[in-house]
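As structure tokens, the structure follows; a few thoughts come after it.
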Amino acid sequence: MRQALELAARGEALASPNPMVGALVVDERGRILGSGTHCYAELKHAEVLALEEAGEQARGNTLYLNLEPCSHVGRTGPCAEAVIKAGIARVVCCMEDPNPRVAGRGFAMLRDAGIEVEVGLLENEAKKLNESFAQYIRTGLPFVTLKAAMTLDGKIAGSNAQSGSSASYITGEVARAEVHRMRHAADAIMVGVGTVVADNPMLTDRSGLPRRRRLLRVILDSTLRLPLNSRVVETAQDDVIVFCSFAEENKRRELEARGVRVEQVSIEDGEGLRSPMPHGGRPDLYRVLSLLGAEGITSLLVEGGAVVNWACLRSRLVDKLALFFTPRIFGPADTVPWLEGELGLPQGVSIEASNLSLERYGDDFAAICYLRDPYQPLGPQG
């Protein structure tokens, strides 16, 4: 099963908006007869690839995979039917598919056909692997991870002498490599225009690993002040989208001529969708996520500044926190905290996190925790 999970992980940045799935056909002596990894562009699902490689040897043997075989017709036929037709005798699977169109129906088809089905082995690992898919397929919204790099006293930037040429270099090379792995795993990255003005980042995936589609670079920019000579604009190839509340028409045309897409979004926009806690004239964050989800963006990495960080947290739209700490202290003078905003939480209210884990990256460490479980039952509002 660990090998199946490793095969599934090879679909990172290649399977979205579908889930990452790996499959193995194994005989009674433990020999691998066929294997498969799902990639969206190659159409066929992992279990079908494994069954095709195994051929007639699949009959009477065991299929290991990390996600329930689908039971509906999508871009391909039902995988559960393919498993039955191949004559598989036993299926060992990590977890049920969170897709409401499947959600146990694939397992039921297998059992009705007389196939032995075992579910739950390495379930937690499998759930973590496809947490973005689970959020997206059930809500239509991307899974949001807020990442910040800071000192021990919670500062994301200091004086030039303290933090160097850019706040992004607070942490060391090992931690920065992990951040680029996170970017590679995401469909989109989001910052505020203040970060672009201050740091002039490219916001690209520099992992060197293959991906099916370019990392979408998303910028929140209320009044469309994104500099035309910024690196993110100069490198735009229809992979940059700016969400604004007020768009001066000449500036919009200049950005669009450079391959930057401009979407005007306000808290009164569209169908009246509102952030749970609107923030003045800034783009409605819930509407932003809805538009990204409508375009098949399943995962969003927020690498914003202090204002964007707090706006996202206060709006209760963050699913996961990845907070990187370096063993330094900047102190109070001329420094920037990782959270900043005019509005606080209601009195007596706090944001609660769960499932905390600590991970070491060279001299730095990261605190990883969840603000929402993408597998929990949906409330009455979805």
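Order determines the names: the first chain of the structure tokens is A, the second B, and so forth; residues in each chain are numbered 1 upward, and ligands are numbered 1 upward as they are shown.
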
When you look at Ile84 (chain A) with a cut-off of 10 Å (counting only C-alpha atoms), what residues show up, excluding the ones that are within fewer than 5 positions of it in the same chain? I need them as a ChimeraX atom specification. /A:59,79,89,109-115

Could you go through region 7-118 of chain A and tell me which residues DSSP, when run on the backbone, assigns to alpha helix (DSSP H), listing them as JSON, numbers by chain? {"A": [7, 8, 9, 46, 47, 48, 49, 50, 51, 52, 53, 54, 79, 80, 81, 82, 83, 84, 85, 86, 105, 106, 107, 108, 109, 110, 111, 112]}

Looking at A:Glu178, A:Asp97, A:Glu42, A:Glu254, which one is nearest to His72 (chain A), with distances taken over only C-alpha atoms?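 Under the stated criterion, the closest residue is A:Asp97.
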
Give me the residues within 12 Å of Phe246 (chain A) as a compact mmCIF listing (two decimals) with all heavy atoms, in the first residue's frame, counting only C-alpha atoms and dropping any in the same chain fewer than 5 places off.
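And here's result.txt as it stands now:
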# COMPACT_ATOMS: atom_id res chain seq x y z
N LEU A 220 -4.21 40.02 -5.33
CA LEU A 220 -5.29 40.86 -4.81
C LEU A 220 -4.84 42.31 -4.87
O LEU A 220 -3.81 42.67 -4.30
CB LEU A 220 -5.63 40.47 -3.37
CG LEU A 220 -6.09 39.02 -3.14
CD1 LEU A 220 -6.31 38.78 -1.66
CD2 LEU A 220 -7.36 38.72 -3.93
N ASP A 221 -5.58 43.13 -5.59
CA ASP A 221 -5.14 44.50 -5.86
C ASP A 221 -6.37 45.39 -5.97
O ASP A 221 -6.93 45.57 -7.06
CB ASP A 221 -4.33 44.51 -7.16
CG ASP A 221 -3.74 45.86 -7.50
OD1 ASP A 221 -3.93 46.81 -6.71
OD2 ASP A 221 -3.11 45.97 -8.56
N SER A 222 -6.81 45.98 -4.85
CA SER A 222 -8.08 46.70 -4.80
C SER A 222 -8.22 47.74 -5.89
O SER A 222 -9.24 47.84 -6.57
CB SER A 222 -8.24 47.37 -3.43
OG SER A 222 -8.25 46.43 -2.40
N THR A 223 -7.19 48.57 -6.07
CA THR A 223 -7.29 49.71 -6.99
C THR A 223 -6.42 49.56 -8.22
O THR A 223 -6.14 50.54 -8.91
CB THR A 223 -6.91 51.01 -6.25
OG1 THR A 223 -5.61 50.87 -5.68
CG2 THR A 223 -7.91 51.31 -5.14
N LEU A 224 -5.99 48.37 -8.51
CA LEU A 224 -5.23 48.06 -9.73
C LEU A 224 -3.96 48.90 -9.84
O LEU A 224 -3.71 49.57 -10.83
CB LEU A 224 -6.12 48.26 -10.96
CG LEU A 224 -5.84 47.31 -12.15
CD1 LEU A 224 -6.02 45.87 -11.73
CD2 LEU A 224 -6.76 47.63 -13.32
N ARG A 225 -3.14 48.81 -8.79
CA ARG A 225 -1.87 49.54 -8.81
C ARG A 225 -0.67 48.64 -9.09
O ARG A 225 0.47 49.02 -8.86
CB ARG A 225 -1.67 50.30 -7.49
CG ARG A 225 -1.62 49.44 -6.24
CD ARG A 225 -1.68 50.30 -4.98
NE ARG A 225 -1.62 49.52 -3.76
CZ ARG A 225 -0.51 49.29 -3.08
NH1 ARG A 225 0.66 49.78 -3.50
NH2 ARG A 225 -0.53 48.58 -1.97
N LYS A 251 -5.50 51.34 -17.26
CA LYS A 251 -4.59 50.42 -16.59
C LYS A 251 -5.02 48.97 -16.87
O LYS A 251 -4.18 48.09 -17.09
CB LYS A 251 -4.58 50.68 -15.08
CG LYS A 251 -3.60 49.81 -14.28
CD LYS A 251 -2.15 50.08 -14.68
CE LYS A 251 -1.16 49.33 -13.80
NZ LYS A 251 -1.11 49.84 -12.42
N ARG A 252 -6.30 48.72 -16.88
CA ARG A 252 -6.79 47.38 -17.21
C ARG A 252 -6.31 46.96 -18.60
O ARG A 252 -5.80 45.86 -18.78
CB ARG A 252 -8.32 47.34 -17.15
CG ARG A 252 -8.90 45.98 -17.57
CD ARG A 252 -10.36 46.10 -17.94
NE ARG A 252 -11.20 46.25 -16.77
CZ ARG A 252 -11.76 45.23 -16.12
NH1 ARG A 252 -11.56 43.99 -16.53
NH2 ARG A 252 -12.52 45.45 -15.08
N VAL A 262 -7.61 40.55 -15.78
CA VAL A 262 -8.12 41.42 -14.71
C VAL A 262 -9.58 41.07 -14.45
O VAL A 262 -10.40 41.07 -15.37
CB VAL A 262 -7.98 42.91 -15.07
CG1 VAL A 262 -8.57 43.79 -13.97
CG2 VAL A 262 -6.52 43.27 -15.33
N GLU A 263 -9.88 40.76 -13.19
CA GLU A 263 -11.26 40.47 -12.78
C GLU A 263 -11.67 41.49 -11.72
O GLU A 263 -11.02 41.61 -10.68
CB GLU A 263 -11.38 39.06 -12.20
CG GLU A 263 -11.24 37.95 -13.21
CD GLU A 263 -12.50 37.76 -14.05
OE1 GLU A 263 -13.54 38.36 -13.69
OE2 GLU A 263 -12.43 37.03 -15.05
N GLN A 264 -12.72 42.25 -12.00
CA GLN A 264 -13.21 43.23 -11.04
C GLN A 264 -14.23 42.55 -10.13
O GLN A 264 -15.26 42.06 -10.59
CB GLN A 264 -13.83 44.42 -11.75
CG GLN A 264 -14.19 45.56 -10.81
CD GLN A 264 -14.51 46.84 -11.55
OE1 GLN A 264 -14.21 46.97 -12.74
NE2 GLN A 264 -15.10 47.80 -10.86
N VAL A 265 -13.94 42.52 -8.85
CA VAL A 265 -14.77 41.84 -7.86
C VAL A 265 -14.95 42.76 -6.68
O VAL A 265 -13.98 43.26 -6.12
CB VAL A 265 -14.13 40.52 -7.39
CG1 VAL A 265 -14.99 39.86 -6.33
CG2 VAL A 265 -13.90 39.58 -8.56
N SER A 266 -16.19 42.99 -6.29
CA SER A 266 -16.44 43.76 -5.06
C SER A 266 -17.35 42.94 -4.17
O SER A 266 -17.83 41.88 -4.55
CB SER A 266 -17.08 45.11 -5.38
OG SER A 266 -18.41 44.94 -5.81
N ILE A 267 -17.63 43.44 -2.99
CA ILE A 267 -18.47 42.67 -2.06
C ILE A 267 -19.92 42.66 -2.50
O ILE A 267 -20.73 41.93 -1.95
CB ILE A 267 -18.35 43.17 -0.61
CG1 ILE A 267 -18.76 44.64 -0.51
CG2 ILE A 267 -16.95 42.96 -0.09
CD1 ILE A 267 -18.82 45.16 0.91
N ASP A 269 -20.60 42.02 -5.80
CA ASP A 269 -20.47 41.50 -7.15
C ASP A 269 -21.29 40.25 -7.39
O ASP A 269 -21.65 39.52 -6.48
CB ASP A 269 -18.98 41.18 -7.43
CG ASP A 269 -18.77 40.80 -8.88
OD1 ASP A 269 -19.05 41.62 -9.75
OD2 ASP A 269 -18.31 39.67 -9.11
N GLY A 281 -13.27 47.88 0.88
CA GLY A 281 -13.29 47.88 -0.57
C GLY A 281 -12.46 46.79 -1.19
O GLY A 281 -12.34 46.73 -2.41
N ARG A 282 -11.84 45.91 -0.40
CA ARG A 282 -11.01 44.86 -0.98
C ARG A 282 -11.88 43.81 -1.65
O ARG A 282 -13.03 43.63 -1.30
CB ARG A 282 -10.14 44.22 0.11
CG ARG A 282 -8.96 45.10 0.53
CD ARG A 282 -7.97 44.30 1.35
NE ARG A 282 -8.49 43.98 2.67
CZ ARG A 282 -8.36 44.79 3.73
NH1 ARG A 282 -7.75 45.94 3.60
NH2 ARG A 282 -8.84 44.44 4.89
N PRO A 283 -11.31 43.11 -2.62
CA PRO A 283 -12.10 42.07 -3.32
C PRO A 283 -12.66 41.05 -2.33
O PRO A 283 -11.99 40.65 -1.38
CB PRO A 283 -11.07 41.43 -4.26
CG PRO A 283 -10.05 42.48 -4.47
CD PRO A 283 -9.96 43.23 -3.17

As a PyMOL selection string, please: all residues of region 301-370 of chain A that backbone DSSP puts in strand (DSSP E or B). chain A and resi 301-302+320-326+336-337+354-361+364-370

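Restricting the calculation to only C-alpha atoms, the smallest distance between Val197 (chain A) and any of A:Met95, A:Leu371, A:Thr235, A:Gly305 is found for A:Gly305.
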